[in-house]
file final.txt (compact mmCIF, N, CA, C and O atoms)
# COMPACT_ATOMS: atom_id res chain seq x y z
N MET A 64 78.94 100.78 61.41
CA MET A 64 80.08 100.12 62.01
C MET A 64 81.35 100.38 61.18
O MET A 64 82.41 100.53 61.74
N GLU A 65 81.18 100.41 59.87
CA GLU A 65 82.36 100.58 59.02
C GLU A 65 82.99 101.96 59.16
O GLU A 65 84.19 102.12 58.95
N GLU A 66 82.21 102.98 59.52
CA GLU A 66 82.78 104.32 59.67
C GLU A 66 83.55 104.47 60.99
O GLU A 66 84.32 105.40 61.14
N ILE A 67 83.35 103.57 61.93
CA ILE A 67 84.06 103.64 63.22
C ILE A 67 85.44 103.00 63.11
O ILE A 67 86.35 103.38 63.84
N VAL A 68 85.62 102.06 62.23
CA VAL A 68 86.89 101.32 62.11
C VAL A 68 88.08 102.25 61.87
O VAL A 68 89.10 102.13 62.56
N PRO A 69 88.04 103.20 60.93
CA PRO A 69 89.20 104.08 60.76
C PRO A 69 89.50 104.93 62.00
O PRO A 69 90.66 105.17 62.33
N ILE A 70 88.45 105.34 62.71
CA ILE A 70 88.66 106.12 63.93
C ILE A 70 89.35 105.28 64.98
O ILE A 70 90.29 105.73 65.65
N LEU A 71 88.90 104.03 65.15
CA LEU A 71 89.51 103.15 66.14
C LEU A 71 90.96 102.82 65.78
O LEU A 71 91.83 102.81 66.65
N VAL A 72 91.21 102.55 64.52
CA VAL A 72 92.58 102.24 64.09
C VAL A 72 93.49 103.45 64.33
O VAL A 72 94.61 103.31 64.85
N THR A 73 93.01 104.65 64.01
CA THR A 73 93.80 105.86 64.25
C THR A 73 94.06 106.05 65.73
O THR A 73 95.18 106.39 66.14
N ALA A 74 93.05 105.82 66.56
CA ALA A 74 93.21 105.98 68.00
C ALA A 74 94.21 104.97 68.56
O ALA A 74 95.04 105.30 69.42
N ILE A 75 94.16 103.74 68.09
CA ILE A 75 95.09 102.71 68.56
C ILE A 75 96.52 103.05 68.15
O ILE A 75 97.45 102.93 68.94
N ILE A 76 96.71 103.47 66.91
CA ILE A 76 98.05 103.85 66.44
C ILE A 76 98.56 105.04 67.23
O ILE A 76 99.72 105.06 67.67
N PHE A 77 97.73 106.05 67.43
CA PHE A 77 98.14 107.22 68.20
C PHE A 77 98.50 106.83 69.62
O PHE A 77 99.50 107.29 70.17
N GLY A 78 97.68 105.99 70.25
CA GLY A 78 97.97 105.54 71.62
C GLY A 78 99.27 104.78 71.72
O GLY A 78 100.05 104.97 72.65
N PHE A 79 99.53 103.93 70.74
CA PHE A 79 100.78 103.16 70.74
C PHE A 79 101.98 104.08 70.59
O PHE A 79 102.96 103.97 71.34
N ILE A 80 101.92 105.00 69.65
CA ILE A 80 103.03 105.93 69.44
C ILE A 80 103.23 106.82 70.66
O ILE A 80 104.36 107.06 71.10
N TYR A 81 102.15 107.29 71.25
CA TYR A 81 102.24 108.13 72.45
C TYR A 81 102.90 107.37 73.60
O TYR A 81 103.75 107.92 74.30
N ASN A 82 102.53 106.10 73.80
CA ASN A 82 103.13 105.30 74.87
C ASN A 82 104.61 105.08 74.62
O ASN A 82 105.42 105.13 75.56
N VAL A 83 105.00 104.79 73.39
CA VAL A 83 106.42 104.57 73.09
C VAL A 83 107.21 105.84 73.36
O VAL A 83 108.27 105.80 73.99
N ILE A 84 106.70 106.98 72.91
CA ILE A 84 107.40 108.25 73.15
C ILE A 84 107.47 108.54 74.64
O ILE A 84 108.51 108.96 75.16
N PHE A 85 106.38 108.30 75.38
CA PHE A 85 106.35 108.54 76.81
C PHE A 85 107.39 107.70 77.53
O PHE A 85 108.12 108.18 78.40
N ILE A 86 107.49 106.43 77.17
CA ILE A 86 108.45 105.53 77.82
C ILE A 86 109.88 105.96 77.49
O ILE A 86 110.74 105.98 78.37
N LEU A 87 110.15 106.32 76.24
CA LEU A 87 111.50 106.75 75.87
C LEU A 87 111.89 108.05 76.57
O LEU A 87 113.03 108.18 77.05
N VAL A 88 110.98 108.99 76.66
CA VAL A 88 111.28 110.26 77.33
C VAL A 88 111.49 110.03 78.82
O VAL A 88 112.41 110.60 79.42
N ARG A 89 110.65 109.20 79.42
CA ARG A 89 110.80 108.93 80.85
C ARG A 89 112.15 108.26 81.13
O ARG A 89 112.83 108.59 82.10
N LYS A 90 112.56 107.33 80.26
CA LYS A 90 113.83 106.65 80.45
C LYS A 90 114.98 107.64 80.31
O LYS A 90 115.92 107.63 81.14
N SER A 91 114.93 108.52 79.33
CA SER A 91 116.02 109.48 79.17
C SER A 91 116.06 110.48 80.32
O SER A 91 117.13 110.88 80.76
N GLU A 92 114.89 110.87 80.85
CA GLU A 92 114.86 111.75 82.01
C GLU A 92 115.49 111.08 83.22
O GLU A 92 116.28 111.68 83.95
N ARG A 93 115.16 109.83 83.44
CA ARG A 93 115.71 109.10 84.58
C ARG A 93 117.22 108.92 84.45
O ARG A 93 117.95 109.04 85.42
N MET A 94 117.67 108.62 83.23
CA MET A 94 119.12 108.46 83.03
C MET A 94 119.83 109.78 83.30
O MET A 94 120.91 109.80 83.91
N ALA A 95 119.26 110.89 82.85
CA ALA A 95 119.88 112.20 83.09
C ALA A 95 119.91 112.51 84.58
O ALA A 95 120.90 113.06 85.09
N MET A 96 118.86 112.17 85.30
CA MET A 96 118.83 112.42 86.74
C MET A 96 119.86 111.56 87.47
O MET A 96 120.52 112.02 88.40
N LEU A 97 120.02 110.31 87.02
CA LEU A 97 121.02 109.44 87.64
C LEU A 97 122.43 109.94 87.37
O LEU A 97 123.31 109.85 88.22
N GLU A 98 122.67 110.48 86.16
CA GLU A 98 123.99 111.02 85.84
C GLU A 98 124.30 112.25 86.70
O GLU A 98 125.46 112.51 87.01
N LYS A 99 123.27 112.98 87.10
CA LYS A 99 123.49 114.15 87.94
C LYS A 99 123.62 113.78 89.42
O LYS A 99 123.88 114.65 90.24
N GLY A 100 123.42 112.51 89.76
CA GLY A 100 123.63 112.06 91.13
C GLY A 100 122.39 111.97 91.99
O GLY A 100 122.50 111.93 93.21
N VAL A 101 121.23 111.93 91.39
CA VAL A 101 120.00 111.79 92.16
C VAL A 101 119.93 110.37 92.69
O VAL A 101 120.29 109.41 92.02
N ASP A 102 119.47 110.24 93.94
CA ASP A 102 119.35 108.93 94.57
C ASP A 102 118.33 108.07 93.82
O ASP A 102 117.25 108.54 93.46
N ALA A 103 118.65 106.82 93.58
CA ALA A 103 117.79 105.93 92.81
C ALA A 103 116.51 105.58 93.55
O ALA A 103 115.53 105.17 92.94
N SER A 104 116.48 105.74 94.87
CA SER A 104 115.27 105.43 95.62
C SER A 104 114.14 106.42 95.28
O SER A 104 112.99 106.18 95.61
N PHE A 105 114.49 107.51 94.62
CA PHE A 105 113.50 108.49 94.17
C PHE A 105 112.52 107.87 93.19
O PHE A 105 111.36 108.26 93.13
N PHE A 106 112.97 106.88 92.42
CA PHE A 106 112.14 106.28 91.39
C PHE A 106 111.22 105.19 91.91
O PHE A 106 110.31 104.77 91.23
N ILE A 107 111.45 104.72 93.12
CA ILE A 107 110.63 103.66 93.70
C ILE A 107 109.41 104.30 94.35
O ILE A 107 109.53 105.12 95.24
N THR A 108 108.26 103.92 93.89
CA THR A 108 107.03 104.47 94.44
C THR A 108 106.50 103.57 95.54
O THR A 108 106.61 102.34 95.47
N LYS A 109 105.95 104.19 96.55
CA LYS A 109 105.36 103.42 97.65
C LYS A 109 104.04 102.83 97.17
O LYS A 109 103.27 103.50 96.50
N PRO A 110 103.79 101.59 97.54
CA PRO A 110 102.50 101.01 97.14
C PRO A 110 101.36 101.74 97.86
O PRO A 110 101.39 101.92 99.07
N GLN A 111 100.40 102.18 97.09
CA GLN A 111 99.26 102.87 97.66
C GLN A 111 98.06 101.95 97.65
O GLN A 111 97.83 101.22 96.70
N THR A 112 97.33 101.98 98.74
CA THR A 112 96.12 101.18 98.78
C THR A 112 95.02 101.96 98.09
O THR A 112 94.60 103.01 98.55
N SER A 113 94.61 101.46 96.98
CA SER A 113 93.57 102.12 96.21
C SER A 113 92.23 101.50 96.55
O SER A 113 92.10 100.29 96.64
N GLN A 114 91.27 102.35 96.73
CA GLN A 114 89.94 101.85 97.04
C GLN A 114 88.99 102.13 95.88
O GLN A 114 87.81 102.38 96.08
N GLN A 115 89.54 102.09 94.67
CA GLN A 115 88.72 102.32 93.49
C GLN A 115 87.65 101.24 93.34
O GLN A 115 86.53 101.53 92.92
N ALA A 116 88.00 100.00 93.67
CA ALA A 116 87.02 98.92 93.54
C ALA A 116 85.84 99.15 94.48
O ALA A 116 84.69 98.94 94.10
N LEU A 117 86.15 99.60 95.70
CA LEU A 117 85.08 99.89 96.65
C LEU A 117 84.22 101.03 96.15
O LEU A 117 82.98 100.97 96.21
N LYS A 118 84.85 102.07 95.62
CA LYS A 118 84.11 103.23 95.13
C LYS A 118 83.17 102.83 93.99
O LYS A 118 81.98 103.17 94.01
N PHE A 119 83.69 102.12 93.00
CA PHE A 119 82.85 101.73 91.88
C PHE A 119 81.80 100.70 92.29
O PHE A 119 80.68 100.71 91.79
N GLY A 120 82.17 99.81 93.20
CA GLY A 120 81.21 98.83 93.68
C GLY A 120 80.03 99.49 94.36
O GLY A 120 78.87 99.16 94.09
N LEU A 121 80.30 100.45 95.25
CA LEU A 121 79.22 101.15 95.93
C LEU A 121 78.41 102.00 94.96
O LEU A 121 77.18 102.10 95.07
N LEU A 122 79.08 102.60 93.98
CA LEU A 122 78.37 103.38 92.97
C LEU A 122 77.42 102.50 92.17
O LEU A 122 76.24 102.83 91.98
N PHE A 123 77.90 101.36 91.71
CA PHE A 123 77.06 100.48 90.89
C PHE A 123 75.94 99.84 91.71
O PHE A 123 74.84 99.61 91.19
N ILE A 124 76.20 99.54 92.98
CA ILE A 124 75.13 99.04 93.84
C ILE A 124 74.06 100.11 94.00
O ILE A 124 72.87 99.84 93.93
N GLY A 125 74.51 101.35 94.21
CA GLY A 125 73.56 102.45 94.33
C GLY A 125 72.75 102.65 93.06
O GLY A 125 71.54 102.89 93.11
N VAL A 126 73.39 102.54 91.91
CA VAL A 126 72.67 102.69 90.64
C VAL A 126 71.66 101.55 90.47
O VAL A 126 70.52 101.78 90.04
N ALA A 127 72.05 100.33 90.83
CA ALA A 127 71.13 99.20 90.71
C ALA A 127 69.93 99.37 91.63
O ALA A 127 68.78 99.13 91.21
N VAL A 128 70.17 99.80 92.86
CA VAL A 128 69.06 100.04 93.78
C VAL A 128 68.20 101.18 93.25
O VAL A 128 66.96 101.14 93.35
N GLY A 129 68.84 102.20 92.68
CA GLY A 129 68.09 103.31 92.10
C GLY A 129 67.20 102.88 90.95
O GLY A 129 66.06 103.34 90.84
N ILE A 130 67.68 102.00 90.10
CA ILE A 130 66.86 101.49 89.00
C ILE A 130 65.69 100.70 89.55
O ILE A 130 64.54 100.86 89.09
N LEU A 131 65.96 99.86 90.54
CA LEU A 131 64.89 99.06 91.13
C LEU A 131 63.83 99.96 91.77
O LEU A 131 62.63 99.80 91.53
N LEU A 132 64.25 100.92 92.58
CA LEU A 132 63.29 101.80 93.23
C LEU A 132 62.63 102.76 92.23
O LEU A 132 61.49 103.16 92.43
N GLY A 133 63.34 103.13 91.18
CA GLY A 133 62.73 103.94 90.13
C GLY A 133 61.61 103.20 89.44
O GLY A 133 60.57 103.78 89.11
N SER A 134 61.80 101.92 89.23
CA SER A 134 60.75 101.10 88.62
C SER A 134 59.54 101.02 89.54
O SER A 134 58.39 101.16 89.09
N ILE A 135 59.80 100.81 90.82
CA ILE A 135 58.70 100.75 91.78
C ILE A 135 57.99 102.10 91.87
O ILE A 135 56.76 102.17 91.90
N LEU A 136 58.78 103.18 91.89
CA LEU A 136 58.21 104.52 91.99
C LEU A 136 57.37 104.87 90.77
O LEU A 136 56.31 105.48 90.89
N SER A 137 57.84 104.48 89.58
CA SER A 137 57.07 104.80 88.37
C SER A 137 55.78 103.99 88.29
O SER A 137 54.80 104.45 87.71
N ALA A 138 55.78 102.81 88.89
CA ALA A 138 54.57 101.97 88.84
C ALA A 138 53.54 102.40 89.88
O ALA A 138 52.35 102.18 89.68
N THR A 139 53.99 103.00 90.97
CA THR A 139 53.06 103.30 92.07
C THR A 139 52.65 104.76 92.16
O THR A 139 51.75 105.08 92.92
N THR A 140 53.30 105.66 91.44
CA THR A 140 52.95 107.08 91.51
C THR A 140 52.59 107.60 90.13
O THR A 140 52.70 106.90 89.13
N VAL A 141 52.21 108.86 90.12
CA VAL A 141 51.85 109.49 88.84
C VAL A 141 53.04 110.23 88.22
O VAL A 141 52.88 110.91 87.22
N LEU A 142 54.21 110.07 88.82
CA LEU A 142 55.41 110.71 88.28
C LEU A 142 55.72 110.13 86.89
O LEU A 142 55.48 108.94 86.65
N PRO A 143 56.26 110.94 86.01
CA PRO A 143 56.71 110.39 84.72
C PRO A 143 57.80 109.35 84.93
O PRO A 143 58.58 109.42 85.88
N GLU A 144 57.83 108.38 84.05
CA GLU A 144 58.78 107.26 84.18
C GLU A 144 60.22 107.75 84.19
O GLU A 144 61.04 107.29 84.99
N GLU A 145 60.56 108.69 83.31
CA GLU A 145 61.93 109.19 83.22
C GLU A 145 62.35 109.87 84.52
O GLU A 145 63.47 109.67 85.00
N ALA A 146 61.46 110.66 85.08
CA ALA A 146 61.78 111.39 86.31
C ALA A 146 62.01 110.43 87.47
O ALA A 146 62.95 110.62 88.26
N SER A 147 61.20 109.40 87.57
CA SER A 147 61.36 108.48 88.69
C SER A 147 62.65 107.67 88.55
O SER A 147 63.38 107.48 89.53
N TYR A 148 62.96 107.23 87.33
CA TYR A 148 64.20 106.47 87.14
C TYR A 148 65.43 107.34 87.41
O TYR A 148 66.30 106.96 88.20
N PHE A 149 65.52 108.49 86.76
CA PHE A 149 66.71 109.32 86.89
C PHE A 149 66.90 109.84 88.31
O PHE A 149 68.02 109.89 88.81
N SER A 150 65.81 110.21 88.96
CA SER A 150 65.95 110.73 90.32
C SER A 150 66.46 109.65 91.27
O SER A 150 67.35 109.91 92.09
N MET A 151 65.97 108.45 91.14
CA MET A 151 66.41 107.37 92.03
C MET A 151 67.84 106.93 91.70
O MET A 151 68.63 106.64 92.60
N ILE A 152 68.18 106.88 90.42
CA ILE A 152 69.54 106.49 90.04
C ILE A 152 70.55 107.47 90.60
O ILE A 152 71.54 107.09 91.23
N PHE A 153 70.31 108.78 90.41
CA PHE A 153 71.25 109.77 90.92
C PHE A 153 71.26 109.83 92.44
O PHE A 153 72.31 110.01 93.05
N LEU A 154 70.10 109.65 93.06
CA LEU A 154 70.03 109.68 94.52
C LEU A 154 70.84 108.55 95.12
O LEU A 154 71.70 108.77 95.98
N PHE A 155 70.60 107.34 94.69
CA PHE A 155 71.29 106.20 95.30
C PHE A 155 72.72 106.06 94.81
O PHE A 155 73.59 105.57 95.54
N GLY A 156 73.01 106.48 93.58
CA GLY A 156 74.41 106.51 93.14
C GLY A 156 75.21 107.49 93.98
O GLY A 156 76.33 107.21 94.41
N GLY A 157 74.64 108.66 94.24
CA GLY A 157 75.29 109.65 95.10
C GLY A 157 75.44 109.16 96.52
O GLY A 157 76.47 109.39 97.17
N LEU A 158 74.43 108.48 97.03
CA LEU A 158 74.53 107.92 98.39
C LEU A 158 75.65 106.88 98.47
O LEU A 158 76.37 106.81 99.47
N GLY A 159 75.81 106.09 97.42
CA GLY A 159 76.92 105.12 97.40
C GLY A 159 78.27 105.81 97.46
O GLY A 159 79.17 105.37 98.16
N LEU A 160 78.42 106.94 96.75
CA LEU A 160 79.68 107.67 96.79
C LEU A 160 79.91 108.34 98.14
O LEU A 160 81.04 108.42 98.62
N VAL A 161 78.84 108.81 98.77
CA VAL A 161 78.98 109.41 100.12
C VAL A 161 79.40 108.34 101.13
O VAL A 161 80.27 108.58 101.97
N VAL A 162 78.81 107.16 101.04
CA VAL A 162 79.20 106.07 101.92
C VAL A 162 80.67 105.72 101.69
O VAL A 162 81.43 105.50 102.65
N ASN A 163 81.10 105.69 100.44
CA ASN A 163 82.50 105.43 100.13
C ASN A 163 83.40 106.48 100.75
O ASN A 163 84.47 106.16 101.28
N TYR A 164 83.00 107.74 100.72
CA TYR A 164 83.80 108.82 101.30
C TYR A 164 84.02 108.57 102.79
O TYR A 164 85.14 108.69 103.31
N PHE A 165 82.96 108.23 103.50
CA PHE A 165 83.10 108.02 104.94
C PHE A 165 83.92 106.77 105.26
O PHE A 165 84.68 106.75 106.22
N ILE A 166 83.80 105.74 104.44
CA ILE A 166 84.62 104.54 104.65
C ILE A 166 86.10 104.87 104.43
O ILE A 166 86.97 104.46 105.21
N GLU A 167 86.42 105.61 103.35
CA GLU A 167 87.81 105.98 103.08
C GLU A 167 88.35 106.90 104.17
O GLU A 167 89.51 106.79 104.56
N LYS A 168 87.52 107.82 104.66
CA LYS A 168 87.94 108.73 105.72
C LYS A 168 88.27 107.96 106.99
O LYS A 168 89.29 108.22 107.65
N LYS A 169 87.44 106.98 107.34
CA LYS A 169 87.68 106.16 108.52
C LYS A 169 88.95 105.33 108.35
O LYS A 169 89.76 105.22 109.26
N ASP A 170 89.14 104.76 107.16
CA ASP A 170 90.33 103.96 106.88
C ASP A 170 91.59 104.81 106.94
O ASP A 170 92.62 104.38 107.48
N LEU A 171 91.55 106.03 106.42
CA LEU A 171 92.70 106.93 106.47
C LEU A 171 93.04 107.30 107.90
O LEU A 171 94.21 107.36 108.28
N LYS A 172 92.02 107.52 108.70
CA LYS A 172 92.24 107.87 110.10
C LYS A 172 92.90 106.71 110.86
O LYS A 172 93.79 106.91 111.67
N GLU A 173 92.46 105.47 110.55
CA GLU A 173 93.04 104.29 111.19
C GLU A 173 94.49 104.08 110.76
O GLU A 173 95.32 103.65 111.55
N ARG A 174 94.81 104.36 109.50
CA ARG A 174 96.18 104.18 109.01
C ARG A 174 97.14 105.22 109.60
O ARG A 174 98.32 104.95 109.76
N ASN A 175 96.63 106.41 109.91
CA ASN A 175 97.49 107.47 110.44
C ASN A 175 97.72 107.35 111.94
O ASN A 175 98.48 108.12 112.50
N LYS A 176 97.09 106.42 112.61
CA LYS A 176 97.30 106.25 114.06
C LYS A 176 98.64 105.65 114.34
O LYS A 176 99.28 104.99 113.68
call {"tool": "encode", "arguments": {"input": "final.txt", "output": "structure tokens"}}
result
Amino acid sequence: MEEIVPILVTAIIFGFIYNVIFILVRKSERMAMLEKGVDASFFITKPQTSQQALKFGLLFIGVAVGILLGSILSATTVLPEEASYFSMIFLFGGLGLVVNYFIEKKDLKERNK
């Protein structure tokens, strides 16, 4: 644990300095664009509906079902335990992402009508 502390402290300091520099550069870029006459509405971003929660929710549900079915599969067949767990986790995790794709596709189609 003690050998991780300097790495974490360095990462936090680097992240803080990077964010400060990023914010200062972004502000100076925006000020330069405004001085050149760029419309200020350029800086306003449209709110986007993100479905990240749905994606991760379906992925984690798929992984949980995969673990459950992997346990059942390893107990009832002669497959090695690792193979049954990993195959079911990846199968149902992937199925969760495929279901998410079709839900997002349907939602996008409805929004574009």
call {"tool": "residues_around", "arguments": {"input": "final.txt", "residues": "region 150-156 of chain A", "least_positions_apart": "3", "cutoff": "7 Å", "atoms": "only C-alpha atoms", "output": "count of residues only"}}
result
13
call {"tool": "atom_distance", "arguments": {"input": "final.txt", "atom1": "CA of Val72 (chain A)", "atom2": "CA of Ile86 (chain A)"}}
result
21.2 Å
call {"tool": "atom_distance", "arguments": {"input": "final.txt", "atom1": "atom N of Gly157 (chain A)", "atom2": "atom N of Leu121 (chain A)"}}
result
10.0 Å
call {"tool": "select_by_dssp", "arguments": {"input": "final.txt", "residues": "chain A", "states": "helix (DSSP H, G or I)", "output": "number ranges by chain"}}
result
A: 67-98, 103-106, 115-139, 144-174
call {"tool": "closest_residue", "arguments": {"input": "final.txt", "among": "A:Asn82, A:Met94, A:Phe149, A:Ile124", "to": "Leu136 (chain A)", "atoms": "only C-alpha atoms"}}
result
A:Phe149
call {"tool": "decode", "arguments": {"input": "final.txt", "residues": "region 153-163 of chain A", "atoms": "all heavy atoms", "output": "compact mmCIF listing (two decimals), in the first residue's frame"}}
result
# COMPACT_ATOMS: atom_id res chain seq x y z
N PHE A 153 -19.30 -13.28 -20.70
CA PHE A 153 -19.14 -12.57 -21.97
C PHE A 153 -20.39 -12.69 -22.84
O PHE A 153 -20.77 -11.73 -23.52
CB PHE A 153 -17.90 -13.05 -22.72
CG PHE A 153 -16.63 -12.55 -22.13
CD1 PHE A 153 -15.67 -13.43 -21.66
CD2 PHE A 153 -16.39 -11.19 -22.03
CE1 PHE A 153 -14.49 -12.98 -21.11
CE2 PHE A 153 -15.21 -10.72 -21.48
CZ PHE A 153 -14.26 -11.61 -21.01
N LEU A 154 -21.04 -13.84 -22.81
CA LEU A 154 -22.24 -14.02 -23.63
C LEU A 154 -23.34 -13.08 -23.18
O LEU A 154 -23.91 -12.34 -23.99
CB LEU A 154 -22.72 -15.48 -23.54
CG LEU A 154 -24.04 -15.78 -24.25
CD1 LEU A 154 -23.84 -15.68 -25.75
CD2 LEU A 154 -24.55 -17.14 -23.86
N PHE A 155 -23.65 -13.07 -21.91
CA PHE A 155 -24.76 -12.24 -21.44
C PHE A 155 -24.39 -10.77 -21.32
O PHE A 155 -25.24 -9.90 -21.49
CB PHE A 155 -25.31 -12.80 -20.12
CG PHE A 155 -26.13 -14.03 -20.33
CD1 PHE A 155 -25.59 -15.28 -20.13
CD2 PHE A 155 -27.44 -13.94 -20.77
CE1 PHE A 155 -26.32 -16.42 -20.35
CE2 PHE A 155 -28.19 -15.07 -20.99
CZ PHE A 155 -27.64 -16.32 -20.79
N GLY A 156 -23.12 -10.46 -21.05
CA GLY A 156 -22.69 -9.06 -21.10
C GLY A 156 -22.82 -8.51 -22.51
O GLY A 156 -23.30 -7.40 -22.73
N GLY A 157 -22.42 -9.30 -23.51
CA GLY A 157 -22.57 -8.90 -24.91
C GLY A 157 -24.03 -8.78 -25.30
O GLY A 157 -24.41 -7.85 -26.04
N LEU A 158 -24.86 -9.69 -24.83
CA LEU A 158 -26.30 -9.59 -25.13
C LEU A 158 -26.90 -8.32 -24.54
O LEU A 158 -27.75 -7.68 -25.17
CB LEU A 158 -27.04 -10.82 -24.59
CG LEU A 158 -26.92 -12.08 -25.42
CD1 LEU A 158 -27.58 -13.25 -24.69
CD2 LEU A 158 -27.54 -11.89 -26.78
N GLY A 159 -26.45 -7.94 -23.35
CA GLY A 159 -26.93 -6.69 -22.76
C GLY A 159 -26.55 -5.49 -23.61
O GLY A 159 -27.35 -4.57 -23.80
N LEU A 160 -25.34 -5.48 -24.17
CA LEU A 160 -24.93 -4.37 -25.03
C LEU A 160 -25.68 -4.37 -26.35
O LEU A 160 -26.01 -3.31 -26.90
CB LEU A 160 -23.41 -4.44 -25.27
CG LEU A 160 -22.55 -4.15 -24.04
CD1 LEU A 160 -21.08 -4.35 -24.37
CD2 LEU A 160 -22.80 -2.75 -23.52
N VAL A 161 -25.99 -5.55 -26.88
CA VAL A 161 -26.78 -5.62 -28.13
C VAL A 161 -28.19 -5.10 -27.89
O VAL A 161 -28.74 -4.35 -28.70
CB VAL A 161 -26.79 -7.07 -28.67
CG1 VAL A 161 -27.80 -7.23 -29.78
CG2 VAL A 161 -25.41 -7.46 -29.16
N VAL A 162 -28.78 -5.47 -26.76
CA VAL A 162 -30.11 -4.96 -26.42
C VAL A 162 -30.07 -3.44 -26.29
O VAL A 162 -30.96 -2.73 -26.77
CB VAL A 162 -30.63 -5.62 -25.12
CG1 VAL A 162 -31.86 -4.90 -24.59
CG2 VAL A 162 -30.93 -7.09 -25.36
N ASN A 163 -29.02 -2.92 -25.67
CA ASN A 163 -28.86 -1.47 -25.54
C ASN A 163 -28.77 -0.82 -26.91
O ASN A 163 -29.35 0.25 -27.14
CB ASN A 163 -27.62 -1.14 -24.73
CG ASN A 163 -27.39 0.34 -24.65
OD1 ASN A 163 -28.19 1.07 -24.08
ND2 ASN A 163 -26.30 0.81 -25.23
